[in-house]
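Please read the structure below before turning to the comments.
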Amino acid sequence: MEDEVILPFTIPSVYGGLAVAEGLAKLRRDGLLLECEVSDSLAGVLRSGLKRISIPLDAIASVEVSRGWWSTSLVLRLKTLTVVRELPGLRHGELTLQVRRKDRREAEHFATVLEGYLTEAALDQLESGPEPGSSS
């Protein structure tokens with residue numbers, strides 16, 4: 001599999017629609033790195049500064065691509081919220097990254113590679129057995 005897959009994204013309704021987040025999702029074998037900047041929706045003048053959020057693979061439950069007429073969404077379901085506290089747009093353990101229509105194929109490729117990484121991690125977990133001290 002590839003070393004890194006990069007996908008540009010937008011989170012359109014941050015702070016009740018007063019702001020928008022734009023950034024890059026970088027997928028690596030060890031997890032996902034989100035780099036984004038939040039700016040106001042009106043003029044785009046007020047900016048938060050660059051935020052970098054790392055999400056390890058074991059914090060991701062699933063990924064899904066949702067296709068619409070004008071855009072595509074990549075929906076990440078998370079197992080824990082502790083790793084993404086600073087990330088705007090998180091709702092009920094789901095993070096929806098909106099992708100431009102022209103990047104639709106890249107979003108589907110991104111999801112396929114991520115699913116592969118998640119499957120590999122789950123198989124590695126099964127082969128290594130339960131962690132010491134776990135009840136399963």
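Each chain in the structure tokens gets a letter, A, B and so on, in the order shown; residues start at 1 in every chain, and ligands are counted from 1 in the order they appear.
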
Spatial neighbours of A:Ser54, 12 Å, only C-alpha atoms, chain gap at least 3 places, as number ranges by chain | A: 25-28, 30-36, 51, 57-60, 82-87

Just how far from atom CA of A:Trp70 is atom CA of A:Glu22, in Å to one decimal?
-> 17.2 Å

Could you give me, as JSON lines, every stretch 6-69 of chain A residue with an atom at most 7 Å from stretch 102-125 of chain A, plus its closest atom pair and distance in Å to one decimal, counting only C-alpha atoms, rows ordered by chain then number?
```
{"residue": "A:Leu7", "atom": "CA", "partner": "A:Ala107", "partner_atom": "CA", "distance": 6.7}
{"residue": "A:Arg29", "atom": "CA", "partner": "A:Tyr117", "partner_atom": "CA", "distance": 6.4}
{"residue": "A:Leu57", "atom": "CA", "partner": "A:Leu118", "partner_atom": "CA", "distance": 6.5}
{"residue": "A:Val63", "atom": "CA", "partner": "A:Ala111", "partner_atom": "CA", "distance": 6.2}
{"residue": "A:Glu64", "atom": "CA", "partner": "A:Ala111", "partner_atom": "CA", "distance": 6.7}
{"residue": "A:Val65", "atom": "CA", "partner": "A:Glu108", "partner_atom": "CA", "distance": 6.4}
```

Would you write out those residues with N, CA and C atoms, as an mmCIF file, in the first residue's frame?
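Result saved to result34.cif:
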```cif
data_model
loop_
_atom_site.group_PDB
_atom_site.id
_atom_site.type_symbol
_atom_site.label_atom_id
_atom_site.label_comp_id
_atom_site.auth_asym_id
_atom_site.auth_seq_id
_atom_site.Cartn_x
_atom_site.Cartn_y
_atom_site.Cartn_z
ATOM 1 N N LEU A 7 -5.848 14.252 1.002
ATOM 2 C CA LEU A 7 -7.165 14.641 0.512
ATOM 3 C C LEU A 7 -7.527 16.026 1.045
ATOM 4 N N ARG A 29 0.240 4.955 7.330
ATOM 5 C CA ARG A 29 0.049 3.614 7.896
ATOM 6 C C ARG A 29 -0.258 3.644 9.389
ATOM 7 N N LEU A 57 -4.937 4.952 14.138
ATOM 8 C CA LEU A 57 -5.861 4.006 13.508
ATOM 9 C C LEU A 57 -6.789 3.349 14.511
ATOM 10 N N VAL A 63 -15.049 4.116 8.137
ATOM 11 C CA VAL A 63 -15.025 5.225 7.187
ATOM 12 C C VAL A 63 -16.057 4.929 6.100
ATOM 13 N N GLU A 64 -16.700 5.980 5.627
ATOM 14 C CA GLU A 64 -17.726 5.829 4.594
ATOM 15 C C GLU A 64 -17.671 7.032 3.665
ATOM 16 N N VAL A 65 -17.897 6.803 2.385
ATOM 17 C CA VAL A 65 -17.973 7.889 1.414
ATOM 18 C C VAL A 65 -19.442 8.071 1.048
#
```
